[in-house]
>>> print(open('final_36.txt').read())   # compact mmCIF, C-alpha atoms and all ligand atoms
# COMPACT_ATOMS: atom_id res chain seq x y z
CA MET A 1 -26.32 -16.73 10.36
CA SER A 2 -28.59 -15.47 13.15
CA VAL A 3 -28.02 -12.03 14.68
CA GLY A 4 -27.10 -13.66 18.02
CA ILE A 5 -24.37 -15.77 16.43
CA GLN A 6 -23.08 -12.73 14.50
CA VAL A 7 -22.88 -10.64 17.69
CA CYS A 8 -21.06 -13.48 19.49
CA ALA A 9 -18.57 -13.81 16.63
CA MET A 10 -17.96 -10.04 16.67
CA MET A 11 -17.43 -10.03 20.44
CA LYS A 12 -14.98 -12.92 20.14
CA GLU A 13 -13.01 -11.07 17.45
CA THR A 14 -12.97 -7.88 19.55
CA VAL A 15 -11.67 -9.69 22.64
CA LYS A 16 -9.04 -11.42 20.49
CA TYR A 17 -7.99 -8.06 19.05
CA LEU A 18 -7.83 -6.25 22.40
CA ALA A 19 -5.95 -9.09 24.08
CA GLY A 20 -3.60 -9.37 21.08
CA ILE A 21 -4.24 -13.13 20.89
CA ALA A 22 -2.19 -14.69 18.11
CA GLY A 23 -3.93 -16.10 15.03
CA PRO A 24 -2.80 -19.07 12.88
CA SER A 25 0.32 -17.18 11.72
CA GLY A 26 1.54 -16.98 15.31
CA TYR A 27 1.09 -13.21 15.36
CA GLY A 28 -1.73 -10.94 16.51
CA SER A 29 -2.86 -7.33 16.71
CA ASN A 30 -0.08 -6.22 19.06
CA THR A 31 2.81 -7.79 17.15
CA THR A 32 5.33 -5.22 15.91
CA ALA A 33 7.04 -5.13 12.51
CA GLU A 34 10.39 -5.61 14.24
CA GLN A 35 9.16 -8.82 15.94
CA VAL A 36 7.82 -10.19 12.65
CA VAL A 37 10.98 -9.51 10.68
CA ALA A 38 13.26 -10.78 13.47
CA GLU A 39 11.24 -14.00 13.65
CA GLU A 40 10.87 -14.50 9.89
CA PHE A 41 14.46 -13.63 8.91
CA GLY A 42 15.91 -15.52 11.89
CA CYS A 43 19.47 -14.59 12.72
CA CYS A 44 20.41 -13.72 9.14
CA SER A 45 20.32 -10.41 7.31
CA HIS A 46 19.14 -10.13 3.72
CA PRO A 47 21.61 -8.03 1.76
CA HIS A 48 20.40 -9.63 -1.47
CA LEU A 49 16.84 -8.23 -1.24
CA THR A 50 15.75 -4.89 -2.69
CA ALA A 51 12.47 -3.25 -1.73
CA ILE A 52 10.65 -0.15 -2.95
CA ILE A 53 8.35 1.31 -0.26
CA THR A 54 6.12 4.19 -1.29
CA GLY A 55 5.04 6.63 1.43
CA ALA A 56 8.10 5.79 3.52
CA THR A 57 8.67 9.42 4.48
CA SER A 58 6.37 9.01 7.48
CA GLY A 59 4.14 6.71 9.54
CA ILE A 60 3.77 3.03 8.68
CA GLY A 61 5.97 3.20 5.56
CA ALA A 62 8.87 4.83 7.43
CA GLU A 63 8.69 2.10 10.11
CA ALA A 64 8.62 -0.69 7.50
CA ALA A 65 11.65 0.93 5.81
CA ARG A 66 13.53 1.17 9.13
CA VAL A 67 12.86 -2.44 10.10
CA LEU A 68 13.69 -3.92 6.69
CA ALA A 69 16.82 -1.77 6.26
CA LYS A 70 18.02 -2.86 9.72
CA ARG A 71 17.88 -6.45 8.45
CA GLY A 72 20.02 -5.65 5.41
CA VAL A 73 17.31 -5.13 2.80
CA ARG A 74 18.27 -2.41 0.30
CA VAL A 75 15.40 0.07 0.57
CA VAL A 76 14.38 2.50 -2.16
CA ILE A 77 12.30 5.39 -0.86
CA PRO A 78 10.31 7.24 -3.50
CA ALA A 79 9.50 10.65 -1.96
CA ARG A 80 7.57 13.65 -3.16
CA ASP A 81 9.44 15.71 -0.57
CA LEU A 82 13.13 14.79 -0.80
CA LYS A 83 13.94 16.75 2.36
CA LYS A 84 11.58 14.51 4.36
CA GLY A 85 13.05 11.47 2.64
CA TYR A 86 16.54 12.59 3.58
CA GLN A 87 15.50 12.94 7.25
CA VAL A 88 14.11 9.37 7.27
CA LYS A 89 17.29 8.10 5.62
CA GLU A 90 19.47 9.87 8.23
CA LYS A 91 17.41 8.39 11.07
CA ILE A 92 17.74 4.87 9.64
CA LEU A 93 21.49 5.27 9.09
CA LYS A 94 21.95 6.50 12.65
CA GLU A 95 20.48 3.24 13.93
CA SER A 96 21.89 0.99 11.16
CA PRO A 97 25.03 2.56 9.65
CA GLU A 98 25.36 -0.32 7.16
CA ALA A 99 21.88 0.20 5.72
CA GLU A 100 21.52 0.97 2.03
CA ILE A 101 18.83 3.56 1.37
CA ILE A 102 18.22 5.07 -2.05
CA LEU A 103 16.10 8.20 -2.32
CA LEU A 104 14.34 9.08 -5.55
CA GLU A 105 11.67 11.65 -6.31
CA ILE A 106 8.07 10.71 -7.08
CA ASP A 107 4.67 12.30 -6.96
CA LEU A 108 2.13 9.50 -7.16
CA CYS A 109 -0.63 11.75 -8.38
CA SER A 110 1.31 12.52 -11.57
CA PHE A 111 1.78 9.95 -14.35
CA SER A 112 4.85 11.78 -15.70
CA SER A 113 6.49 11.78 -12.26
CA ILE A 114 5.82 8.02 -11.88
CA GLN A 115 7.32 7.36 -15.31
CA GLN A 116 10.35 9.44 -14.42
CA PHE A 117 10.82 7.60 -11.12
CA CYS A 118 10.62 4.22 -12.87
CA SER A 119 13.11 5.12 -15.56
CA GLN A 120 15.51 6.45 -12.89
CA PHE A 121 15.12 3.31 -10.80
CA LEU A 122 15.46 0.97 -13.80
CA SER A 123 18.58 2.83 -14.96
CA LEU A 124 20.26 1.85 -11.66
CA ASN A 125 20.15 -1.77 -12.85
CA LEU A 126 19.20 -3.10 -9.43
CA PRO A 127 17.05 -6.16 -8.75
CA LEU A 128 13.56 -5.67 -7.34
CA ASN A 129 12.16 -8.26 -4.92
CA ILE A 130 9.57 -6.34 -2.91
CA LEU A 131 7.19 -3.53 -3.88
CA ILE A 132 5.16 -2.04 -1.04
CA ASN A 133 2.41 0.23 -2.38
CA ASN A 134 1.89 2.03 0.91
CA ALA A 135 1.56 5.78 0.23
CA GLY A 136 -1.86 7.14 1.07
CA LYS A 137 -3.81 10.36 0.68
CA PHE A 138 -7.09 11.49 2.22
CA ALA A 139 -8.08 14.67 0.35
CA HIS A 140 -10.53 16.70 2.43
CA LYS A 141 -11.63 18.84 -0.49
CA MET A 142 -12.26 17.94 -4.09
CA GLU A 143 -8.97 18.54 -5.91
CA LEU A 144 -7.86 17.32 -9.32
CA SER A 145 -4.50 15.79 -10.25
CA GLU A 146 -2.39 16.61 -13.32
CA GLU A 147 -4.47 14.07 -15.26
CA LYS A 148 -7.68 15.73 -14.02
CA VAL A 149 -8.52 12.89 -11.66
CA GLU A 150 -9.81 13.28 -8.09
CA MET A 151 -6.70 13.41 -5.91
CA THR A 152 -7.36 10.52 -3.45
CA PHE A 153 -8.23 8.08 -6.24
CA ALA A 154 -5.32 9.36 -8.37
CA THR A 155 -2.73 8.91 -5.60
CA ASN A 156 -3.89 5.79 -3.77
CA TYR A 157 -5.11 3.72 -6.70
CA LEU A 158 -4.18 5.00 -10.18
CA GLY A 159 -0.64 6.05 -9.19
CA HIS A 160 0.15 2.70 -7.61
CA PHE A 161 -1.47 0.84 -10.51
CA LEU A 162 0.83 2.57 -13.03
CA LEU A 163 3.87 2.19 -10.77
CA THR A 164 3.25 -1.56 -10.45
CA GLU A 165 2.78 -1.96 -14.22
CA LEU A 166 6.04 -0.17 -14.96
CA LEU A 167 7.99 -2.25 -12.42
CA MET A 168 6.37 -5.64 -13.07
CA GLU A 169 8.86 -6.79 -15.70
CA LYS A 170 11.78 -5.99 -13.41
CA MET A 171 10.14 -7.94 -10.58
CA ALA A 172 9.47 -10.94 -12.82
CA GLU A 173 13.04 -10.84 -14.14
CA THR A 174 14.52 -10.62 -10.62
CA ALA A 175 12.38 -13.51 -9.39
CA ALA A 176 13.41 -15.68 -12.36
CA GLU A 177 17.11 -14.88 -11.97
CA THR A 178 17.34 -15.18 -8.18
CA LYS A 179 14.70 -17.90 -7.67
CA ILE A 180 13.39 -15.73 -4.82
CA GLN A 181 9.67 -15.09 -5.01
CA GLY A 182 8.80 -11.42 -5.62
CA ARG A 183 6.23 -9.83 -3.29
CA ILE A 184 3.86 -6.94 -3.94
CA VAL A 185 1.93 -5.54 -0.98
CA ASN A 186 -0.98 -3.16 -1.58
CA VAL A 187 -1.82 -1.23 1.57
CA SER A 188 -5.60 -0.93 1.77
CA SER A 189 -7.93 -0.36 4.73
CA VAL A 190 -10.85 -2.02 6.47
CA ILE A 191 -12.82 1.04 5.38
CA HIS A 192 -13.04 -0.51 1.89
CA SER A 193 -16.05 -2.46 3.22
CA TRP A 194 -18.08 0.78 3.55
CA VAL A 195 -18.38 1.07 -0.24
CA LYS A 196 -21.69 0.09 -1.77
CA ARG A 197 -21.90 -1.32 -5.29
CA GLN A 198 -23.99 1.64 -6.49
CA HIS A 199 -21.14 3.98 -5.48
CA PHE A 200 -18.42 2.13 -7.34
CA TYR A 201 -18.37 3.51 -10.88
CA PHE A 202 -15.01 4.20 -12.50
CA ASN A 203 -15.95 7.47 -14.22
CA GLN A 204 -17.60 8.77 -11.04
CA MET A 205 -14.46 7.98 -9.05
CA LEU A 206 -12.29 9.80 -11.61
CA GLN A 207 -14.37 12.95 -11.31
CA PRO A 208 -17.10 12.68 -8.65
CA SER A 209 -20.03 15.00 -9.20
CA ASN A 210 -20.81 15.07 -5.48
CA TYR A 211 -17.55 14.81 -3.52
CA ASN A 212 -17.43 13.04 -0.18
CA SER A 213 -13.88 12.66 1.19
CA THR A 214 -14.50 9.50 3.27
CA ARG A 215 -16.30 7.83 0.39
CA ALA A 216 -13.46 8.72 -2.03
CA TYR A 217 -10.89 7.27 0.40
CA ALA A 218 -12.92 4.08 0.92
CA GLN A 219 -13.42 3.67 -2.85
CA SER A 220 -9.68 4.02 -3.46
CA LYS A 221 -8.99 1.36 -0.81
CA LEU A 222 -11.52 -1.02 -2.36
CA ALA A 223 -9.93 -0.44 -5.79
CA ILE A 224 -6.54 -1.34 -4.26
CA ILE A 225 -7.82 -4.75 -3.12
CA LEU A 226 -9.48 -5.43 -6.49
CA HIS A 227 -6.18 -4.49 -8.16
CA ALA A 228 -4.32 -7.03 -5.99
CA LYS A 229 -6.89 -9.75 -6.78
CA GLU A 230 -6.90 -9.26 -10.56
CA LEU A 231 -3.12 -8.83 -10.75
CA ALA A 232 -2.68 -12.03 -8.73
CA ARG A 233 -4.89 -13.86 -11.23
CA GLN A 234 -2.94 -12.55 -14.22
CA ILE A 235 0.47 -13.25 -12.67
CA LYS A 236 -0.61 -16.83 -11.98
CA LEU A 237 -1.68 -17.28 -15.63
CA ARG A 238 1.68 -15.92 -16.80
CA LYS A 239 3.45 -18.29 -14.37
CA VAL A 240 5.51 -15.43 -12.96
CA ASN A 241 7.06 -16.05 -9.53
CA VAL A 242 5.62 -12.93 -7.87
CA THR A 243 2.73 -12.71 -5.41
CA VAL A 244 0.44 -9.78 -4.67
CA ASN A 245 -1.71 -9.31 -1.59
CA ALA A 246 -3.61 -6.51 0.11
CA VAL A 247 -3.37 -5.55 3.79
CA HIS A 248 -5.18 -3.47 6.37
CA PRO A 249 -2.54 -2.11 8.79
CA GLY A 250 -4.96 -1.38 11.64
CA ILE A 251 -6.00 2.04 12.94
CA VAL A 252 -2.85 3.99 13.69
CA LYS A 253 -2.51 7.64 14.65
CA THR A 254 -0.27 8.76 11.77
CA GLY A 255 -0.24 11.77 9.46
CA ILE A 256 -3.26 10.53 7.52
CA ILE A 257 -5.39 10.66 10.70
CA ARG A 258 -3.69 13.64 12.38
CA ASP A 259 -4.85 15.76 9.41
CA HIS A 260 -8.43 15.29 10.67
CA LYS A 261 -8.26 17.86 13.42
CA GLY A 262 -11.29 18.93 15.42
CA PHE A 263 -13.31 18.19 18.52
CA ILE A 264 -15.42 15.38 17.01
CA THR A 265 -12.44 13.54 15.51
CA ASP A 266 -10.38 13.95 18.69
CA SER A 267 -13.29 12.68 20.83
CA LEU A 268 -13.82 9.70 18.53
CA PHE A 269 -10.15 8.84 18.76
CA PHE A 270 -10.15 9.22 22.52
CA MET A 271 -13.09 6.77 22.75
CA ALA A 272 -11.47 4.37 20.27
CA SER A 273 -8.02 4.66 21.84
CA LYS A 274 -8.15 1.04 23.04
CA PHE A 275 -8.35 -0.03 19.40
CA LEU A 276 -5.49 2.14 18.15
CA LYS A 277 -2.23 0.50 17.20
CA SER A 278 1.22 1.99 17.60
CA ILE A 279 3.18 2.69 14.40
CA PRO A 280 5.48 -0.36 14.97
CA GLN A 281 2.33 -2.51 15.31
CA GLY A 282 0.78 -0.83 12.26
CA ALA A 283 3.74 -1.84 10.07
CA SER A 284 3.67 -5.51 11.13
CA THR A 285 1.14 -6.93 8.62
CA THR A 286 2.90 -5.23 5.70
CA CYS A 287 6.26 -6.67 6.80
CA TYR A 288 4.73 -10.10 7.45
CA VAL A 289 3.19 -10.30 3.96
CA ALA A 290 6.36 -8.91 2.34
CA THR A 291 8.84 -11.25 4.05
CA SER A 292 7.35 -14.28 5.76
CA PRO A 293 8.15 -17.76 4.40
CA GLN A 294 4.60 -18.62 5.54
CA MET A 295 3.41 -16.35 2.70
CA GLU A 296 5.31 -18.30 0.00
CA GLY A 297 2.95 -18.78 -2.96
CA VAL A 298 0.03 -17.01 -1.25
CA SER A 299 -1.47 -14.46 -3.64
CA GLY A 300 -4.66 -12.44 -4.14
CA ARG A 301 -5.57 -12.44 -0.43
CA TYR A 302 -6.35 -9.85 2.22
CA TYR A 303 -4.50 -9.65 5.57
CA ALA A 304 -4.90 -7.80 8.86
CA ASP A 305 -3.10 -8.35 12.18
CA CYS A 306 -0.67 -10.64 10.24
CA ASN A 307 -3.45 -13.13 9.49
CA GLU A 308 -5.73 -13.72 6.54
CA MET A 309 -9.08 -11.94 6.89
CA GLN A 310 -12.29 -11.74 4.94
CA CYS A 311 -12.63 -8.66 2.80
CA SER A 312 -16.04 -7.36 1.66
CA LEU A 313 -18.19 -9.20 -0.87
CA LEU A 314 -17.55 -6.45 -3.41
CA ALA A 315 -13.78 -6.73 -2.87
CA ASN A 316 -14.10 -10.46 -3.56
CA ASP A 317 -16.01 -9.99 -6.81
CA ASP A 318 -13.76 -11.29 -9.62
CA ALA A 319 -15.89 -9.78 -12.39
CA GLN A 320 -15.69 -6.37 -10.69
CA ALA A 321 -11.90 -6.74 -10.41
CA LEU A 322 -11.54 -7.56 -14.11
CA ASP A 323 -13.86 -4.73 -15.12
CA LEU A 324 -11.94 -2.22 -13.01
CA TRP A 325 -8.65 -3.49 -14.44
CA ARG A 326 -9.84 -3.02 -18.05
CA GLN A 327 -11.20 0.46 -17.43
CA THR A 328 -8.02 1.50 -15.60
CA CYS A 329 -5.75 0.26 -18.40
CA ALA A 330 -7.86 2.01 -21.05
CA PHE A 331 -7.82 5.27 -19.07
CA ILE A 332 -4.06 5.22 -18.40
CA ARG A 333 -3.28 4.34 -22.03
CA GLN A 334 -5.49 7.17 -23.29
CA ARG A 335 -3.92 9.75 -20.96
CA LEU A 336 -0.35 8.66 -21.77
CA ARG A 337 -1.06 8.80 -25.53
CA ARG A 338 -2.67 12.22 -25.18
CA ARG A 339 0.41 13.55 -23.40
CA GLN A 340 2.75 12.00 -25.95
CA ARG A 341 0.78 13.68 -28.76
CA ARG A 342 1.00 17.06 -27.01
CA GLU A 343 4.74 16.67 -26.54
CA LEU A 344 5.21 15.76 -30.23
CA GLU A 345 3.10 18.76 -31.30
CA GLN A 346 5.48 21.06 -29.46
CA PHE A 347 8.25 20.03 -31.85
CA GLU A 348 6.18 20.60 -35.00
N1 LIG B 1 -3.15 5.20 9.83
C1 LIG B 1 -4.22 4.43 9.73
O1 LIG B 1 -5.01 4.31 10.66
C2 LIG B 1 -4.46 3.65 8.47
C3 LIG B 1 -5.56 2.75 8.45
C4 LIG B 1 -5.78 2.02 7.30
C5 LIG B 1 -4.95 2.17 6.20
N2 LIG B 1 -3.90 3.06 6.25
C6 LIG B 1 -3.04 3.19 5.07
O2 LIG B 1 -1.69 3.00 5.43
C7 LIG B 1 -0.85 3.67 4.49
C8 LIG B 1 0.20 4.47 5.21
O3 LIG B 1 -0.43 5.58 5.83
P1 LIG B 1 0.05 6.20 7.21
O4 LIG B 1 -1.01 5.92 8.18
O5 LIG B 1 1.44 5.81 7.52
O6 LIG B 1 -0.06 7.76 6.86
P2 LIG B 1 1.03 8.91 6.69
O7 LIG B 1 1.93 8.97 7.86
O8 LIG B 1 0.24 10.13 6.34
O9 LIG B 1 1.86 8.45 5.41
C9 LIG B 1 1.40 8.63 4.12
C10 LIG B 1 2.59 8.58 3.19
O10 LIG B 1 2.10 8.69 1.84
C11 LIG B 1 2.88 9.68 1.17
N3 LIG B 1 2.16 10.31 0.07
C12 LIG B 1 0.94 10.91 0.10
N4 LIG B 1 0.66 11.43 -1.09
C13 LIG B 1 1.69 11.14 -1.92
C14 LIG B 1 2.00 11.43 -3.28
N5 LIG B 1 1.17 12.12 -4.06
N6 LIG B 1 3.17 10.98 -3.79
C15 LIG B 1 4.02 10.28 -3.02
N7 LIG B 1 3.82 10.00 -1.72
C16 LIG B 1 2.66 10.43 -1.18
C17 LIG B 1 3.20 10.70 2.26
O11 LIG B 1 4.25 11.52 1.84
P3 LIG B 1 4.57 12.94 2.55
O12 LIG B 1 5.49 12.58 3.69
O13 LIG B 1 5.24 13.73 1.48
O14 LIG B 1 3.28 13.51 3.01
C18 LIG B 1 3.55 9.76 3.42
O15 LIG B 1 4.88 9.29 3.29
C19 LIG B 1 -1.78 4.51 3.61
O16 LIG B 1 -2.02 3.84 2.41
C20 LIG B 1 -3.06 4.57 4.43
O17 LIG B 1 -4.19 4.77 3.61
C21 LIG B 1 -3.64 3.78 7.37
>>> encode(input="final_36.txt", output="structure tokens")
Amino acid sequence: MSVGIQVCAMMKETVKYLAGIAGPSGYGSNTTAEQVVAEEFGCCSHPHLTAIITGATSGIGAEAARVLAKRGVRVVIPARDLKKGYQVKEKILKESPEAEIILLEIDLCSFSSIQQFCSQFLSLNLPLNILINNAGKFAHKMELSEEKVEMTFATNYLGHFLLTELLMEKMAETAAETKIQGRIVNVSSVIHSWVKRQHFYFNQMLQPSNYNSTRAYAQSKLAIILHAKELARQIKLRKVNVTVNAVHPGIVKTGIIRDHKGFITDSLFFMASKFLKSIPQGASTTCYVATSPQMEGVSGRYYADCNEMQCSLLANDDAQALDLWRQTCAFIRQRLRRRQRRELEQFE
């Protein structure tokens, strides 16, 4: 494609975005989560659906939880800060007194905490129709998790990978019993396209020798899309009635951005303010992918502004997705075994 045609295409997309012109789904950049769910659920509530939404103690996740709970979806909020979780729950109940919100503790950068959350959730014997992997971390400084993994990669990618694995059987079982398709939504970011192939090595992402916070965040968001793609492929092979897709919510001034204080960041946001979405708009693509009948059977895709979008070439690389999957499984297995051995040694 010539540069002229590329520039024209970009300008067309920008105008479409700014004007909020609807795409093929009927929604566009300025659609809110509430509009999507009202339209997709019609006049009925959905008391038979159960959703787990990570990172629902603030921002986009809290809005998705509010909107789904208002429509009768039972919402499970895994929170690392139960006090914050309780405040969100209270706010939802004030607006929708009938809502069912379950709060459970989780720290996504800790494998043991994820295992504990899953066993607590599974012991409740509830169905699981929707899993929204939304929590996100942007670590400014190089920090290591309990498993000695760089914190952004540990929280955004590895934590959600393990969570999904531990809940997959429940989702498959629910879908088979209820004949309602299960939905997994991985919240990624357009920033995934900044990652170059030479900067995408598993061991380097676990423990980068030269830490760059934006690069670590972008790498984790690319890994999230590759996870969705490979999981979608495997689910299809297993003939399980669950779909998995990745989304970019848009640029929204939430906690994850507010943490970047300073003159340069503030100026950049002031200049880009025309492109910023509100939180209700930021939660729309997640809710669309999680609930819309238009998304029935659609899996392994990438969405933004409630419409399918192209992700980067690297994010579309099936071999890369399989390779990342294998390395992730091997790493998680090794760390879980190591911990089990240590625990057993304590009794000897
Ligand atoms: N805002 C944007 O412009 C933008 C753009 C592209 C993608 N995204 C993605 O959208 C998602 C939602 O982010 P947001 O914008 O709504 O940001 P946010 O308001 O900062 O929300 C992030 C959520 O993740 C939770 N979280 C972080 N670390 C966690 C951990 N170790 N264990 C459990 N929960 C943890 C936070 O919990 P606490 O309340 O305890 O902090 C919070 O609920 C993220 O995945 C983000 O990367 C956002």
>>> closest_residue(input="final_36.txt", among="A:Ile256, A:Val240, A:Ala172, A:Leu126", to="ligand LIG 1 (chain B)", atoms="all atoms listed in the file")
A:Ile256
>>> closest_atom_pairs(input="final_36.txt", of="chain A", to="ligand LIG 1 (chain B)", cutoff="6 Å", atoms="all atoms listed in the file", output="CSV")
residue,atom,partner,partner_atom,distance
A:Gly55,CA,B:LIG1,O15,3.2
A:Ala56,CA,B:LIG1,O15,4.8
A:Thr57,CA,B:LIG1,O15,4.0
A:Ser58,CA,B:LIG1,O15,4.5
A:Gly59,CA,B:LIG1,O5,3.5
A:Ile60,CA,B:LIG1,O5,3.8
A:Gly61,CA,B:LIG1,O5,5.6
A:Ala79,CA,B:LIG1,C15,5.6
A:Arg80,CA,B:LIG1,C15,4.9
A:Asp81,CA,B:LIG1,O13,5.1
A:Ile106,CA,B:LIG1,C15,5.8
A:Asp107,CA,B:LIG1,N6,3.7
A:Leu108,CA,B:LIG1,N6,3.8
A:Cys109,CA,B:LIG1,N5,4.7
A:Asn134,CA,B:LIG1,O16,4.6
A:Ala135,CA,B:LIG1,O10,3.4
A:Gly136,CA,B:LIG1,O16,3.6
A:Lys137,CA,B:LIG1,C12,4.8
A:Thr155,CA,B:LIG1,N5,5.3
A:Val187,CA,B:LIG1,O16,5.1
A:Ser188,CA,B:LIG1,C5,5.4
A:Ser189,CA,B:LIG1,C4,4.1
A:His248,CA,B:LIG1,C4,5.6
A:Pro249,CA,B:LIG1,C4,5.5
A:Gly250,CA,B:LIG1,C3,5.3
A:Ile251,CA,B:LIG1,O1,3.4
A:Val252,CA,B:LIG1,O1,3.7
A:Lys253,CA,B:LIG1,N1,5.4
A:Thr254,CA,B:LIG1,O7,4.5
A:Gly255,CA,B:LIG1,O8,3.6
A:Ile256,CA,B:LIG1,O8,3.7
A:Ile257,CA,B:LIG1,N1,6.0
>>> closest_residue(input="final_36.txt", among="A:Tyr201, A:Phe41, A:Tyr303, A:Tyr86", to="Lys70 (chain A)", atoms="all atoms listed in the file")
A:Phe41
>>> residues_around(input="final_36.txt", residues="Ile77 (chain A)", least_positions_apart="5", cutoff="8 Å", atoms="only C-alpha atoms", output="list in words")
Ile52, Ile53, Thr54, Gly55, Ala56, Thr57, Gly85, Ile101, Ile102, Leu103 and Leu104 of chain A
>>> atom_distance(input="final_36.txt", atom1="CA of Lys141 (chain A)", atom2="CA of Phe153 (chain A)")
12.7 Å
>>> closest_residue(input="final_36.txt", among="A:Lys83, A:His140, A:His48, A:Arg338", to="Lys179 (chain A)", atoms="all atoms listed in the file")
A:His48
>>> closest_residue(input="final_36.txt", among="A:Leu231, A:Ile332, A:Leu206, A:Cys287", to="Gln35 (chain A)", atoms="all atoms listed in the file")
A:Cys287
>>> closest_residue(input="final_36.txt", among="A:Gly300, A:Pro78, A:Gly42, A:Gly282", to="Gly28 (chain A)", atoms="all atoms listed in the file")
A:Gly282
>>> axis_aligned_box(input="final_36.txt", around="region 89-107 of chain A", padding_each_side="6 Å", output="AutoDock Vina command-line options")
--center_x 15.0 --center_y 6.0 --center_z 3.4 --size_x 32.7 --size_y 24.6 --size_z 33.0
>>> atom_distance(input="final_36.txt", atom1="CA of Val298 (chain A)", atom2="CA of Leu122 (chain A)")
26.8 Å
>>> residues_around(input="final_36.txt", residues="Gln120 (chain A)", least_positions_apart="5", cutoff="10 Å", atoms="only C-alpha atoms", output="MDAnalysis selection string")
chainID A and resid 104:105 114:115 125
>>> build_atoms(input="final_36.txt", residues="region 143-156 of chain A", atoms="N, CA and C atoms", output="PDB file, in the coordinates of the input")
ATOM      1  N   GLU A 143     -10.093  17.944  -5.165  1.00  0.00           N
ATOM      2  CA  GLU A 143      -8.970  18.540  -5.910  1.00  0.00           C
ATOM      3  C   GLU A 143      -8.710  17.616  -7.087  1.00  0.00           C
ATOM      4  N   LEU A 144      -8.153  18.165  -8.156  1.00  0.00           N
ATOM      5  CA  LEU A 144      -7.860  17.320  -9.320  1.00  0.00           C
ATOM      6  C   LEU A 144      -6.349  17.202  -9.522  1.00  0.00           C
ATOM      7  N   SER A 145      -5.928  16.025  -9.974  1.00  0.00           N
ATOM      8  CA  SER A 145      -4.500  15.790 -10.250  1.00  0.00           C
ATOM      9  C   SER A 145      -4.159  16.341 -11.629  1.00  0.00           C
ATOM     10  N   GLU A 146      -2.873  16.173 -12.000  1.00  0.00           N
ATOM     11  CA  GLU A 146      -2.390  16.610 -13.320  1.00  0.00           C
ATOM     12  C   GLU A 146      -3.238  15.995 -14.445  1.00  0.00           C
ATOM     13  N   GLU A 147      -3.665  14.753 -14.238  1.00  0.00           N
ATOM     14  CA  GLU A 147      -4.470  14.070 -15.260  1.00  0.00           C
ATOM     15  C   GLU A 147      -5.960  14.358 -15.098  1.00  0.00           C
ATOM     16  N   LYS A 148      -6.283  15.326 -14.267  1.00  0.00           N
ATOM     17  CA  LYS A 148      -7.680  15.730 -14.020  1.00  0.00           C
ATOM     18  C   LYS A 148      -8.500  14.611 -13.376  1.00  0.00           C
ATOM     19  N   VAL A 149      -7.861  13.958 -12.408  1.00  0.00           N
ATOM     20  CA  VAL A 149      -8.520  12.890 -11.660  1.00  0.00           C
ATOM     21  C   VAL A 149      -8.590  13.314 -10.198  1.00  0.00           C
ATOM     22  N   GLU A 150      -9.664  12.967  -9.518  1.00  0.00           N
ATOM     23  CA  GLU A 150      -9.810  13.280  -8.090  1.00  0.00           C
ATOM     24  C   GLU A 150      -8.566  12.766  -7.348  1.00  0.00           C
ATOM     25  N   MET A 151      -8.025  13.616  -6.487  1.00  0.00           N
ATOM     26  CA  MET A 151      -6.700  13.410  -5.910  1.00  0.00           C
ATOM     27  C   MET A 151      -6.520  12.110  -5.094  1.00  0.00           C
ATOM     28  N   THR A 152      -7.501  11.730  -4.271  1.00  0.00           N
ATOM     29  CA  THR A 152      -7.360  10.520  -3.450  1.00  0.00           C
ATOM     30  C   THR A 152      -7.294   9.281  -4.339  1.00  0.00           C
ATOM     31  N   PHE A 153      -8.192   9.225  -5.323  1.00  0.00           N
ATOM     32  CA  PHE A 153      -8.230   8.080  -6.240  1.00  0.00           C
ATOM     33  C   PHE A 153      -6.954   8.059  -7.094  1.00  0.00           C
ATOM     34  N   ALA A 154      -6.523   9.264  -7.517  1.00  0.00           N
ATOM     35  CA  ALA A 154      -5.320   9.360  -8.370  1.00  0.00           C
ATOM     36  C   ALA A 154      -4.091   8.855  -7.617  1.00  0.00           C
ATOM     37  N   THR A 155      -3.942   9.251  -6.353  1.00  0.00           N
ATOM     38  CA  THR A 155      -2.730   8.910  -5.600  1.00  0.00           C
ATOM     39  C   THR A 155      -2.770   7.447  -5.126  1.00  0.00           C
ATOM     40  N   ASN A 156      -3.849   7.103  -4.429  1.00  0.00           N
ATOM     41  CA  ASN A 156      -3.890   5.790  -3.770  1.00  0.00           C
ATOM     42  C   ASN A 156      -4.013   4.642  -4.766  1.00  0.00           C
TER      43      ASN A 156
END
